[in-house]
Amino acid sequence: MSYFEKHQREFVDAIFGNSELLLFDVEKVISSYNIAKGTFSWISKRYILSDLPGASNEQFVDACLLAGSDLCSTFPPLEGGPQPLKAALDLLQRYRNVTNVVNAEQQNPALQKTIQQSGYLDKYYRARAAVKHHVIMKDDGKVEPLELNDAPSDVHEFIGQRFPEELYFYLSRGVIGPQVPNILASGELIEMAPLDNGESEEYQKFLESLVPIRTQALSLLAQPLHRFWHNKDVEVYYWFDPTKPRKLVHKEVQPTPYEVTSLWNVREATFRPVLERKGVSLSCYISTLLN
């Protein structure tokens with residue numbers, strides 16, 4: 001969305017989402033809206049920076065990562081502290097960059113073990129690279145990392161393995177949803193507690209009953225892909241037993257859903273008469289589906 005906002009303005013008028021979008025060089029993000037009143041609220045990066053004197057855009061991104069987000073956990077010395085964003089910026093202005101911040105804070109004996117065990121610096125490098133080279137979809141449907149020519153050769157280490165172009169095309173057209181590809185790519189599914197805090201045994205049993213269906217869905221997606229995905233296991237983490245993940249081993253599904261569905265075929269002789277009665281040519285129909 002950030003890429004479209006800057007390079008294809010005819011596609012995007014505004015971006016709605018959470019505040020983490022500001023990390024991706026988005027100037028304004030709509031945070032909420034009221035359809036009945038016809039109003040909306042938005043967050044401005046310029047306004048935030050005005051409250052952080054002396055902060056550049058690069059420092060803002062680093063400070064946000066240090067303060068904690070879905071992209072990178074909070075830097076241990078800042079956990080539980082007031083105004084973590086300002087505290088992170090103070091550290092950056094004192095030590096100039098995140099590497100120096102981490103190395104300096106590790107000199108404190110009380111924090112050294114915690115920081116080292118967290119592996120924070122590696123997490124930060126991955127998150128920072130993911131922001132700089134986040135995946136974009138161009139107007140022609142091609143999917144690639146931003147600033148491809150300057151991207152490192154190990155993009156898959158911080159963004160993930162790449163799916164075939166055809167799969168991204170189906171996602172962009174809404175033919176398939178993102179849930180199953182996301183689960184296969186990440187290798188994990190995290191089940192959060194429902195609104196009743198998940199105390200219902202019936203609901204927990206229901207989730208267990210979904211295991212065969214989810215395994216079949218993963219198998220259906222993985223089988224036509226590269227052999228790498230055939231052996232990619234997925235672990236399900238339940239809120240009521242987070243230390244014992246349940247594996248979804250889709251490669252053991254027999255017969256595979258892909259083998260079954262590959263036999264499904266609607267011959268042209270079946271649907272061509274219907275198209276002819278409606279005055280639609282086959283080539284025109286296919287073009288409409290693709291566009």
# chains A, B, ... in the order shown; residues from 1 in each chain; ligands from 1
>>> select_by_dssp(residues="stretch 143-239 of chain A", states="alpha helix (DSSP H)", output="JSON, numbers by chain")
{"A": [165, 166, 167, 168, 169, 170, 171, 172, 173, 179, 180, 181, 182, 183, 184, 185, 186, 201, 202, 203, 204, 205, 206, 207, 208, 209, 211, 212, 213, 214, 215, 216, 217, 218, 219, 220, 221, 222, 227, 228, 229, 230]}
>>> write_last_selection(atoms="N, CA and C atoms", output="tab-separated table (two decimals), in the first residue's frame")
chain	number	residue	atom	x	y	z
A	165	GLU	N	4.60	-16.98	-8.59
A	165	GLU	CA	3.86	-15.78	-8.99
A	165	GLU	C	2.37	-16.06	-9.11
A	166	GLU	N	2.02	-17.25	-9.56
A	166	GLU	CA	0.61	-17.60	-9.75
A	166	GLU	C	-0.18	-17.50	-8.45
A	167	LEU	N	0.45	-17.91	-7.35
A	167	LEU	CA	-0.22	-17.87	-6.06
A	167	LEU	C	-0.49	-16.43	-5.63
A	168	TYR	N	0.47	-15.54	-5.84
A	168	TYR	CA	0.28	-14.12	-5.51
A	168	TYR	C	-0.83	-13.51	-6.38
A	169	PHE	N	-0.90	-13.99	-7.62
A	169	PHE	CA	-1.97	-13.49	-8.50
A	169	PHE	C	-3.34	-13.89	-7.96
A	170	TYR	N	-3.48	-15.14	-7.52
A	170	TYR	CA	-4.75	-15.59	-6.95
A	170	TYR	C	-5.10	-14.80	-5.69
A	171	LEU	N	-4.08	-14.51	-4.88
A	171	LEU	CA	-4.31	-13.71	-3.68
A	171	LEU	C	-4.78	-12.30	-4.04
A	172	SER	N	-4.16	-11.70	-5.05
A	172	SER	CA	-4.51	-10.33	-5.43
A	172	SER	C	-5.91	-10.23	-5.99
A	173	ARG	N	-6.39	-11.33	-6.59
A	173	ARG	CA	-7.74	-11.34	-7.17
A	173	ARG	C	-8.79	-11.84	-6.22
A	179	GLN	N	-4.93	-16.93	4.68
A	179	GLN	CA	-4.68	-17.66	5.92
A	179	GLN	C	-3.80	-18.88	5.70
A	180	VAL	N	-4.17	-19.77	4.78
A	180	VAL	CA	-3.40	-21.00	4.58
A	180	VAL	C	-1.99	-20.71	4.06
A	181	PRO	N	-1.80	-19.82	3.05
A	181	PRO	CA	-0.42	-19.48	2.65
A	181	PRO	C	0.40	-18.89	3.79
A	182	ASN	N	-0.22	-18.06	4.65
A	182	ASN	CA	0.50	-17.48	5.78
A	182	ASN	C	0.95	-18.56	6.76
A	183	ILE	N	0.07	-19.52	7.01
A	183	ILE	CA	0.42	-20.60	7.94
A	183	ILE	C	1.56	-21.43	7.38
A	184	LEU	N	1.50	-21.76	6.10
A	184	LEU	CA	2.55	-22.57	5.49
A	184	LEU	C	3.88	-21.81	5.45
A	185	ALA	N	3.84	-20.53	5.13
A	185	ALA	CA	5.06	-19.74	5.02
A	185	ALA	C	5.73	-19.55	6.38
A	186	SER	N	4.93	-19.27	7.41
A	186	SER	CA	5.49	-19.01	8.74
A	186	SER	C	5.82	-20.28	9.50
A	201	GLU	N	-14.41	-26.22	27.42
A	201	GLU	CA	-13.79	-27.44	26.91
A	201	GLU	C	-14.34	-27.80	25.54
A	202	GLU	N	-15.61	-27.45	25.29
A	202	GLU	CA	-16.22	-27.75	24.00
A	202	GLU	C	-15.49	-27.00	22.88
A	203	TYR	N	-15.11	-25.75	23.15
A	203	TYR	CA	-14.40	-24.97	22.13
A	203	TYR	C	-13.01	-25.55	21.87
A	204	GLN	N	-12.35	-25.99	22.93
A	204	GLN	CA	-11.04	-26.60	22.76
A	204	GLN	C	-11.13	-27.89	21.95
A	205	LYS	N	-12.18	-28.67	22.19
A	205	LYS	CA	-12.38	-29.90	21.41
A	205	LYS	C	-12.70	-29.56	19.96
A	206	PHE	N	-13.45	-28.47	19.76
A	206	PHE	CA	-13.77	-28.04	18.39
A	206	PHE	C	-12.50	-27.71	17.62
A	207	LEU	N	-11.55	-27.01	18.27
A	207	LEU	CA	-10.29	-26.69	17.61
A	207	LEU	C	-9.52	-27.95	17.25
A	208	GLU	N	-9.57	-28.94	18.12
A	208	GLU	CA	-8.91	-30.21	17.82
A	208	GLU	C	-9.54	-30.88	16.60
A	209	SER	N	-10.86	-30.74	16.47
A	209	SER	CA	-11.55	-31.36	15.33
A	209	SER	C	-11.18	-30.69	14.00
A	211	VAL	N	-8.13	-29.99	13.12
A	211	VAL	CA	-6.79	-30.41	12.71
A	211	VAL	C	-6.80	-31.15	11.38
A	212	PRO	N	-7.66	-32.17	11.17
A	212	PRO	CA	-7.66	-32.87	9.87
A	212	PRO	C	-7.99	-31.95	8.70
A	213	ILE	N	-8.92	-31.00	8.91
A	213	ILE	CA	-9.31	-30.09	7.82
A	213	ILE	C	-8.16	-29.16	7.49
A	214	ARG	N	-7.50	-28.62	8.52
A	214	ARG	CA	-6.38	-27.72	8.30
A	214	ARG	C	-5.21	-28.45	7.63
A	215	THR	N	-4.99	-29.69	8.03
A	215	THR	CA	-3.91	-30.47	7.44
A	215	THR	C	-4.19	-30.72	5.96
A	216	GLN	N	-5.42	-31.01	5.63
A	216	GLN	CA	-5.79	-31.22	4.23
A	216	GLN	C	-5.62	-29.93	3.42
A	217	ALA	N	-6.00	-28.80	4.01
A	217	ALA	CA	-5.86	-27.52	3.30
A	217	ALA	C	-4.39	-27.22	3.02
A	218	LEU	N	-3.52	-27.49	3.99
A	218	LEU	CA	-2.09	-27.28	3.79
A	218	LEU	C	-1.55	-28.22	2.73
A	219	SER	N	-2.01	-29.46	2.74
A	219	SER	CA	-1.57	-30.43	1.74
A	219	SER	C	-2.01	-30.01	0.34
A	220	LEU	N	-3.24	-29.50	0.22
A	220	LEU	CA	-3.75	-29.07	-1.07
A	220	LEU	C	-2.91	-27.93	-1.64
A	221	LEU	N	-2.46	-27.03	-0.78
A	221	LEU	CA	-1.64	-25.91	-1.22
A	221	LEU	C	-0.21	-26.34	-1.52
A	222	ALA	N	0.36	-27.19	-0.66
A	222	ALA	CA	1.79	-27.51	-0.75
A	222	ALA	C	2.13	-28.45	-1.90
A	227	ARG	N	9.30	-28.83	-3.94
A	227	ARG	CA	9.42	-29.91	-2.97
A	227	ARG	C	9.77	-29.40	-1.56
A	228	PHE	N	10.38	-28.21	-1.49
A	228	PHE	CA	10.68	-27.62	-0.19
A	228	PHE	C	9.44	-27.52	0.67
A	229	TRP	N	8.30	-27.15	0.05
A	229	TRP	CA	7.06	-26.95	0.81
A	229	TRP	C	6.42	-28.27	1.21
A	230	HIS	N	6.77	-29.36	0.51
A	230	HIS	CA	6.17	-30.66	0.84
A	230	HIS	C	6.57	-31.10	2.24
>>> residues_around(residues="A:Leu66", least_positions_apart="5", cutoff="12 Å", atoms="only C-alpha atoms", output="PDB file with N, CA and C atoms, in the first residue's frame")
ATOM      1  N   GLN A  59      15.772   7.530  12.490  1.00  0.00           N
ATOM      2  CA  GLN A  59      15.774   7.368  13.937  1.00  0.00           C
ATOM      3  C   GLN A  59      14.386   7.007  14.452  1.00  0.00           C
ATOM      4  N   PHE A  60      13.366   7.568  13.808  1.00  0.00           N
ATOM      5  CA  PHE A  60      11.997   7.244  14.195  1.00  0.00           C
ATOM      6  C   PHE A  60      11.720   5.757  14.002  1.00  0.00           C
ATOM      7  N   VAL A  61      12.131   5.203  12.859  1.00  0.00           N
ATOM      8  CA  VAL A  61      11.933   3.775  12.591  1.00  0.00           C
ATOM      9  C   VAL A  61      12.681   2.928  13.614  1.00  0.00           C
ATOM     10  N   LEU A  71       6.746  -6.403  14.603  1.00  0.00           N
ATOM     11  CA  LEU A  71       7.923  -6.705  13.803  1.00  0.00           C
ATOM     12  C   LEU A  71       9.127  -7.084  14.656  1.00  0.00           C
ATOM     13  N   CYS A  72       9.213  -6.502  15.841  1.00  0.00           N
ATOM     14  CA  CYS A  72      10.382  -6.725  16.689  1.00  0.00           C
ATOM     15  C   CYS A  72       9.970  -6.522  18.151  1.00  0.00           C
ATOM     16  N   SER A  73      10.392  -7.426  19.007  1.00  0.00           N
ATOM     17  CA  SER A  73      10.033  -7.325  20.421  1.00  0.00           C
ATOM     18  C   SER A  73      10.710  -6.111  21.059  1.00  0.00           C
ATOM     19  N   THR A  74      10.184  -5.687  22.196  1.00  0.00           N
ATOM     20  CA  THR A  74      10.726  -4.519  22.898  1.00  0.00           C
ATOM     21  C   THR A  74      12.145  -4.797  23.394  1.00  0.00           C
ATOM     22  N   PHE A  75      13.015  -3.817  23.221  1.00  0.00           N
ATOM     23  CA  PHE A  75      14.376  -3.933  23.749  1.00  0.00           C
ATOM     24  C   PHE A  75      14.280  -4.109  25.263  1.00  0.00           C
ATOM     25  N   PRO A  76      14.853  -5.194  25.832  1.00  0.00           N
ATOM     26  CA  PRO A  76      14.643  -5.536  27.247  1.00  0.00           C
ATOM     27  C   PRO A  76      14.755  -4.381  28.234  1.00  0.00           C
ATOM     28  N   PRO A  77      15.765  -3.482  28.144  1.00  0.00           N
ATOM     29  CA  PRO A  77      15.824  -2.391  29.139  1.00  0.00           C
ATOM     30  C   PRO A  77      14.636  -1.441  29.100  1.00  0.00           C
ATOM     31  N   LEU A  78      13.851  -1.467  27.989  1.00  0.00           N
ATOM     32  CA  LEU A  78      12.721  -0.548  27.871  1.00  0.00           C
ATOM     33  C   LEU A  78      11.398  -1.192  28.277  1.00  0.00           C
ATOM     34  N   GLU A  79      11.402  -2.478  28.544  1.00  0.00           N
ATOM     35  CA  GLU A  79      10.160  -3.187  28.865  1.00  0.00           C
ATOM     36  C   GLU A  79       9.549  -2.650  30.154  1.00  0.00           C
ATOM     37  N   GLN A  83       6.650   5.760  28.395  1.00  0.00           N
ATOM     38  CA  GLN A  83       7.027   6.392  27.135  1.00  0.00           C
ATOM     39  C   GLN A  83       8.228   5.698  26.476  1.00  0.00           C
ATOM     40  N   PRO A  84       8.079   4.424  26.096  1.00  0.00           N
ATOM     41  CA  PRO A  84       9.210   3.682  25.524  1.00  0.00           C
ATOM     42  C   PRO A  84       9.746   4.295  24.228  1.00  0.00           C
ATOM     43  N   LEU A  85       8.872   4.971  23.453  1.00  0.00           N
ATOM     44  CA  LEU A  85       9.345   5.569  22.202  1.00  0.00           C
ATOM     45  C   LEU A  85      10.339   6.698  22.475  1.00  0.00           C
ATOM     46  N   LYS A  86      10.001   7.568  23.413  1.00  0.00           N
ATOM     47  CA  LYS A  86      10.916   8.664  23.749  1.00  0.00           C
ATOM     48  C   LYS A  86      12.186   8.136  24.407  1.00  0.00           C
ATOM     49  N   ALA A  87      12.028   7.103  25.243  1.00  0.00           N
ATOM     50  CA  ALA A  87      13.200   6.512  25.888  1.00  0.00           C
ATOM     51  C   ALA A  87      14.130   5.890  24.851  1.00  0.00           C
ATOM     52  N   ALA A  88      13.541   5.238  23.818  1.00  0.00           N
ATOM     53  CA  ALA A  88      14.340   4.638  22.755  1.00  0.00           C
ATOM     54  C   ALA A  88      15.066   5.714  21.958  1.00  0.00           C
ATOM     55  N   LEU A  89      14.377   6.812  21.688  1.00  0.00           N
ATOM     56  CA  LEU A  89      14.996   7.910  20.933  1.00  0.00           C
ATOM     57  C   LEU A  89      16.143   8.529  21.725  1.00  0.00           C
ATOM     58  N   ASP A  90      15.983   8.656  23.030  1.00  0.00           N
ATOM     59  CA  ASP A  90      17.057   9.184  23.873  1.00  0.00           C
ATOM     60  C   ASP A  90      18.306   8.306  23.761  1.00  0.00           C
ATOM     61  N   LEU A  91      18.091   6.982  23.766  1.00  0.00           N
ATOM     62  CA  LEU A  91      19.223   6.065  23.640  1.00  0.00           C
ATOM     63  C   LEU A  91      19.898   6.214  22.279  1.00  0.00           C
ATOM     64  N   LEU A  92      19.106   6.372  21.234  1.00  0.00           N
ATOM     65  CA  LEU A  92      19.667   6.517  19.880  1.00  0.00           C
ATOM     66  C   LEU A  92      20.449   7.817  19.742  1.00  0.00           C
ATOM     67  N   ASN A  97      23.325   4.753  17.019  1.00  0.00           N
ATOM     68  CA  ASN A  97      22.619   3.708  16.281  1.00  0.00           C
ATOM     69  C   ASN A  97      22.280   2.545  17.216  1.00  0.00           C
ATOM     70  N   VAL A  98      21.461   1.621  16.714  1.00  0.00           N
ATOM     71  CA  VAL A  98      20.953   0.532  17.557  1.00  0.00           C
ATOM     72  C   VAL A  98      22.068  -0.415  17.987  1.00  0.00           C
ATOM     73  N   THR A  99      23.006  -0.679  17.091  1.00  0.00           N
ATOM     74  CA  THR A  99      24.113  -1.572  17.449  1.00  0.00           C
ATOM     75  C   THR A  99      24.874  -1.039  18.654  1.00  0.00           C
ATOM     76  N   VAL A 101      23.691   1.046  20.861  1.00  0.00           N
ATOM     77  CA  VAL A 101      22.780   1.017  22.009  1.00  0.00           C
ATOM     78  C   VAL A 101      22.831  -0.347  22.692  1.00  0.00           C
ATOM     79  N   VAL A 102      22.705  -1.408  21.898  1.00  0.00           N
ATOM     80  CA  VAL A 102      22.694  -2.765  22.459  1.00  0.00           C
ATOM     81  C   VAL A 102      24.032  -3.081  23.123  1.00  0.00           C
ATOM     82  N   TYR A 120      18.550 -10.004  20.860  1.00  0.00           N
ATOM     83  CA  TYR A 120      17.842  -8.831  20.348  1.00  0.00           C
ATOM     84  C   TYR A 120      18.471  -8.250  19.086  1.00  0.00           C
ATOM     85  N   LEU A 121      19.777  -8.184  19.026  1.00  0.00           N
ATOM     86  CA  LEU A 121      20.419  -7.528  17.890  1.00  0.00           C
ATOM     87  C   LEU A 121      20.081  -8.224  16.575  1.00  0.00           C
ATOM     88  N   LYS A 123      17.351  -9.993  16.004  1.00  0.00           N
ATOM     89  CA  LYS A 123      15.940  -9.704  15.735  1.00  0.00           C
ATOM     90  C   LYS A 123      15.786  -8.312  15.125  1.00  0.00           C
ATOM     91  N   TYR A 124      16.563  -7.364  15.645  1.00  0.00           N
ATOM     92  CA  TYR A 124      16.488  -6.001  15.115  1.00  0.00           C
ATOM     93  C   TYR A 124      16.960  -5.957  13.669  1.00  0.00           C
ATOM     94  N   TYR A 125      18.089  -6.592  13.366  1.00  0.00           N
ATOM     95  CA  TYR A 125      18.617  -6.582  11.996  1.00  0.00           C
ATOM     96  C   TYR A 125      17.591  -7.147  11.015  1.00  0.00           C
ATOM     97  N   ALA A 127      14.277  -7.309  11.408  1.00  0.00           N
ATOM     98  CA  ALA A 127      13.129  -6.408  11.310  1.00  0.00           C
ATOM     99  C   ALA A 127      13.475  -5.171  10.479  1.00  0.00           C
ATOM    100  N   ARG A 128      14.661  -4.642  10.689  1.00  0.00           N
ATOM    101  CA  ARG A 128      15.066  -3.434   9.948  1.00  0.00           C
ATOM    102  C   ARG A 128      15.182  -3.716   8.461  1.00  0.00           C
TER     103      ARG A 128
END
>>> atom_distance(atom1="atom CA of A:Leu189", atom2="atom CA of A:Pro245")
9.4 Å
>>> atom_distance(atom1="atom CA of A:Phe11", atom2="atom CA of A:Pro164")
24.2 Å
>>> atom_distance(atom1="atom CA of A:Gly81", atom2="atom CA of A:Glu105")
15.3 Å
>>> residues_around(residues="A:Lys45", least_positions_apart="2", cutoff="12 Å", atoms="only C-alpha atoms", output="VMD selection string")
chain A and resid 19 to 30 42 to 43 47 to 52 55 to 57 60 to 61 64
>>> decode(residues="stretch 208-288 of chain A", atoms="C-alpha atoms", output="PDB file, in the first residue's frame")
ATOM      1  CA  GLU A 208      -8.911 -30.214  17.820  1.00  0.00           C
ATOM      2  CA  SER A 209     -11.546 -31.357  15.329  1.00  0.00           C
ATOM      3  CA  LEU A 210     -10.221 -28.764  12.864  1.00  0.00           C
ATOM      4  CA  VAL A 211      -6.788 -30.407  12.714  1.00  0.00           C
ATOM      5  CA  PRO A 212      -7.656 -32.870   9.872  1.00  0.00           C
ATOM      6  CA  ILE A 213      -9.309 -30.091   7.825  1.00  0.00           C
ATOM      7  CA  ARG A 214      -6.375 -27.718   8.300  1.00  0.00           C
ATOM      8  CA  THR A 215      -3.912 -30.473   7.441  1.00  0.00           C
ATOM      9  CA  GLN A 216      -5.786 -31.220   4.231  1.00  0.00           C
ATOM     10  CA  ALA A 217      -5.862 -27.521   3.304  1.00  0.00           C
ATOM     11  CA  LEU A 218      -2.088 -27.275   3.795  1.00  0.00           C
ATOM     12  CA  SER A 219      -1.572 -30.425   1.737  1.00  0.00           C
ATOM     13  CA  LEU A 220      -3.755 -29.065  -1.074  1.00  0.00           C
ATOM     14  CA  LEU A 221      -1.637 -25.909  -1.222  1.00  0.00           C
ATOM     15  CA  ALA A 222       1.793 -27.506  -0.750  1.00  0.00           C
ATOM     16  CA  GLN A 223       1.597 -30.402  -3.200  1.00  0.00           C
ATOM     17  CA  PRO A 224       1.743 -28.396  -6.461  1.00  0.00           C
ATOM     18  CA  LEU A 225       4.572 -26.225  -5.068  1.00  0.00           C
ATOM     19  CA  HIS A 226       8.325 -26.799  -4.879  1.00  0.00           C
ATOM     20  CA  ARG A 227       9.422 -29.912  -2.967  1.00  0.00           C
ATOM     21  CA  PHE A 228      10.683 -27.620  -0.192  1.00  0.00           C
ATOM     22  CA  TRP A 229       7.065 -26.951   0.813  1.00  0.00           C
ATOM     23  CA  HIS A 230       6.170 -30.656   0.835  1.00  0.00           C
ATOM     24  CA  ASN A 231       8.312 -31.185   3.937  1.00  0.00           C
ATOM     25  CA  LYS A 232       7.476 -27.894   5.662  1.00  0.00           C
ATOM     26  CA  ASP A 233       5.856 -28.792   8.970  1.00  0.00           C
ATOM     27  CA  VAL A 234       3.485 -26.443  10.756  1.00  0.00           C
ATOM     28  CA  GLU A 235       3.035 -26.155  14.508  1.00  0.00           C
ATOM     29  CA  VAL A 236      -0.170 -24.999  16.204  1.00  0.00           C
ATOM     30  CA  TYR A 237       0.200 -23.128  19.498  1.00  0.00           C
ATOM     31  CA  TYR A 238      -2.891 -23.126  21.716  1.00  0.00           C
ATOM     32  CA  TRP A 239      -3.362 -20.513  24.427  1.00  0.00           C
ATOM     33  CA  PHE A 240      -4.351 -23.202  26.942  1.00  0.00           C
ATOM     34  CA  ASP A 241      -1.139 -25.212  26.419  1.00  0.00           C
ATOM     35  CA  PRO A 242       1.445 -22.928  24.780  1.00  0.00           C
ATOM     36  CA  THR A 243       4.472 -25.072  25.685  1.00  0.00           C
ATOM     37  CA  LYS A 244       3.215 -28.112  23.755  1.00  0.00           C
ATOM     38  CA  PRO A 245       2.563 -27.204  20.114  1.00  0.00           C
ATOM     39  CA  ARG A 246       0.597 -29.602  17.926  1.00  0.00           C
ATOM     40  CA  LYS A 247       2.185 -30.488  14.578  1.00  0.00           C
ATOM     41  CA  LEU A 248       0.246 -30.408  11.322  1.00  0.00           C
ATOM     42  CA  VAL A 249       2.137 -32.909   9.147  1.00  0.00           C
ATOM     43  CA  HIS A 250       0.471 -32.351   5.796  1.00  0.00           C
ATOM     44  CA  LYS A 251       2.901 -34.548   3.820  1.00  0.00           C
ATOM     45  CA  GLU A 252       1.396 -37.663   5.429  1.00  0.00           C
ATOM     46  CA  VAL A 253      -2.150 -37.008   4.189  1.00  0.00           C
ATOM     47  CA  GLN A 254      -3.192 -39.924   1.968  1.00  0.00           C
ATOM     48  CA  PRO A 255      -4.602 -39.678  -0.582  1.00  0.00           C
ATOM     49  CA  THR A 256      -3.582 -36.068  -0.939  1.00  0.00           C
ATOM     50  CA  PRO A 257      -6.395 -33.609  -1.716  1.00  0.00           C
ATOM     51  CA  TYR A 258      -4.303 -32.454  -4.690  1.00  0.00           C
ATOM     52  CA  GLU A 259      -4.380 -35.941  -6.212  1.00  0.00           C
ATOM     53  CA  VAL A 260      -8.148 -36.105  -5.750  1.00  0.00           C
ATOM     54  CA  THR A 261      -8.913 -32.634  -7.120  1.00  0.00           C
ATOM     55  CA  SER A 262      -6.546 -33.052 -10.076  1.00  0.00           C
ATOM     56  CA  LEU A 263      -9.114 -35.507 -11.466  1.00  0.00           C
ATOM     57  CA  TRP A 264     -11.829 -32.868 -11.411  1.00  0.00           C
ATOM     58  CA  ASN A 265     -12.407 -31.571 -14.909  1.00  0.00           C
ATOM     59  CA  VAL A 266     -15.226 -29.665 -16.592  1.00  0.00           C
ATOM     60  CA  ARG A 267     -14.844 -30.190 -20.323  1.00  0.00           C
ATOM     61  CA  GLU A 268     -15.304 -27.398 -22.819  1.00  0.00           C
ATOM     62  CA  ALA A 269     -18.211 -29.266 -24.387  1.00  0.00           C
ATOM     63  CA  THR A 270     -20.107 -28.771 -21.126  1.00  0.00           C
ATOM     64  CA  PHE A 271     -19.849 -24.995 -20.736  1.00  0.00           C
ATOM     65  CA  ARG A 272     -19.352 -23.787 -24.343  1.00  0.00           C
ATOM     66  CA  PRO A 273     -23.080 -24.152 -25.252  1.00  0.00           C
ATOM     67  CA  VAL A 274     -23.991 -22.056 -22.192  1.00  0.00           C
ATOM     68  CA  LEU A 275     -21.602 -19.292 -23.256  1.00  0.00           C
ATOM     69  CA  GLU A 276     -22.903 -19.398 -26.834  1.00  0.00           C
ATOM     70  CA  ARG A 277     -26.510 -19.023 -25.644  1.00  0.00           C
ATOM     71  CA  LYS A 278     -25.434 -15.928 -23.744  1.00  0.00           C
ATOM     72  CA  GLY A 279     -23.504 -14.610 -26.725  1.00  0.00           C
ATOM     73  CA  VAL A 280     -20.128 -14.733 -24.955  1.00  0.00           C
ATOM     74  CA  SER A 281     -16.998 -16.085 -26.614  1.00  0.00           C
ATOM     75  CA  LEU A 282     -14.668 -18.391 -24.702  1.00  0.00           C
ATOM     76  CA  SER A 283     -11.690 -16.041 -25.109  1.00  0.00           C
ATOM     77  CA  CYS A 284     -13.737 -13.103 -23.812  1.00  0.00           C
ATOM     78  CA  TYR A 285     -14.889 -15.149 -20.812  1.00  0.00           C
ATOM     79  CA  ILE A 286     -11.318 -16.175 -19.912  1.00  0.00           C
ATOM     80  CA  SER A 287     -10.142 -12.569 -20.298  1.00  0.00           C
ATOM     81  CA  THR A 288     -12.898 -11.413 -17.935  1.00  0.00           C
TER      82      THR A 288
END
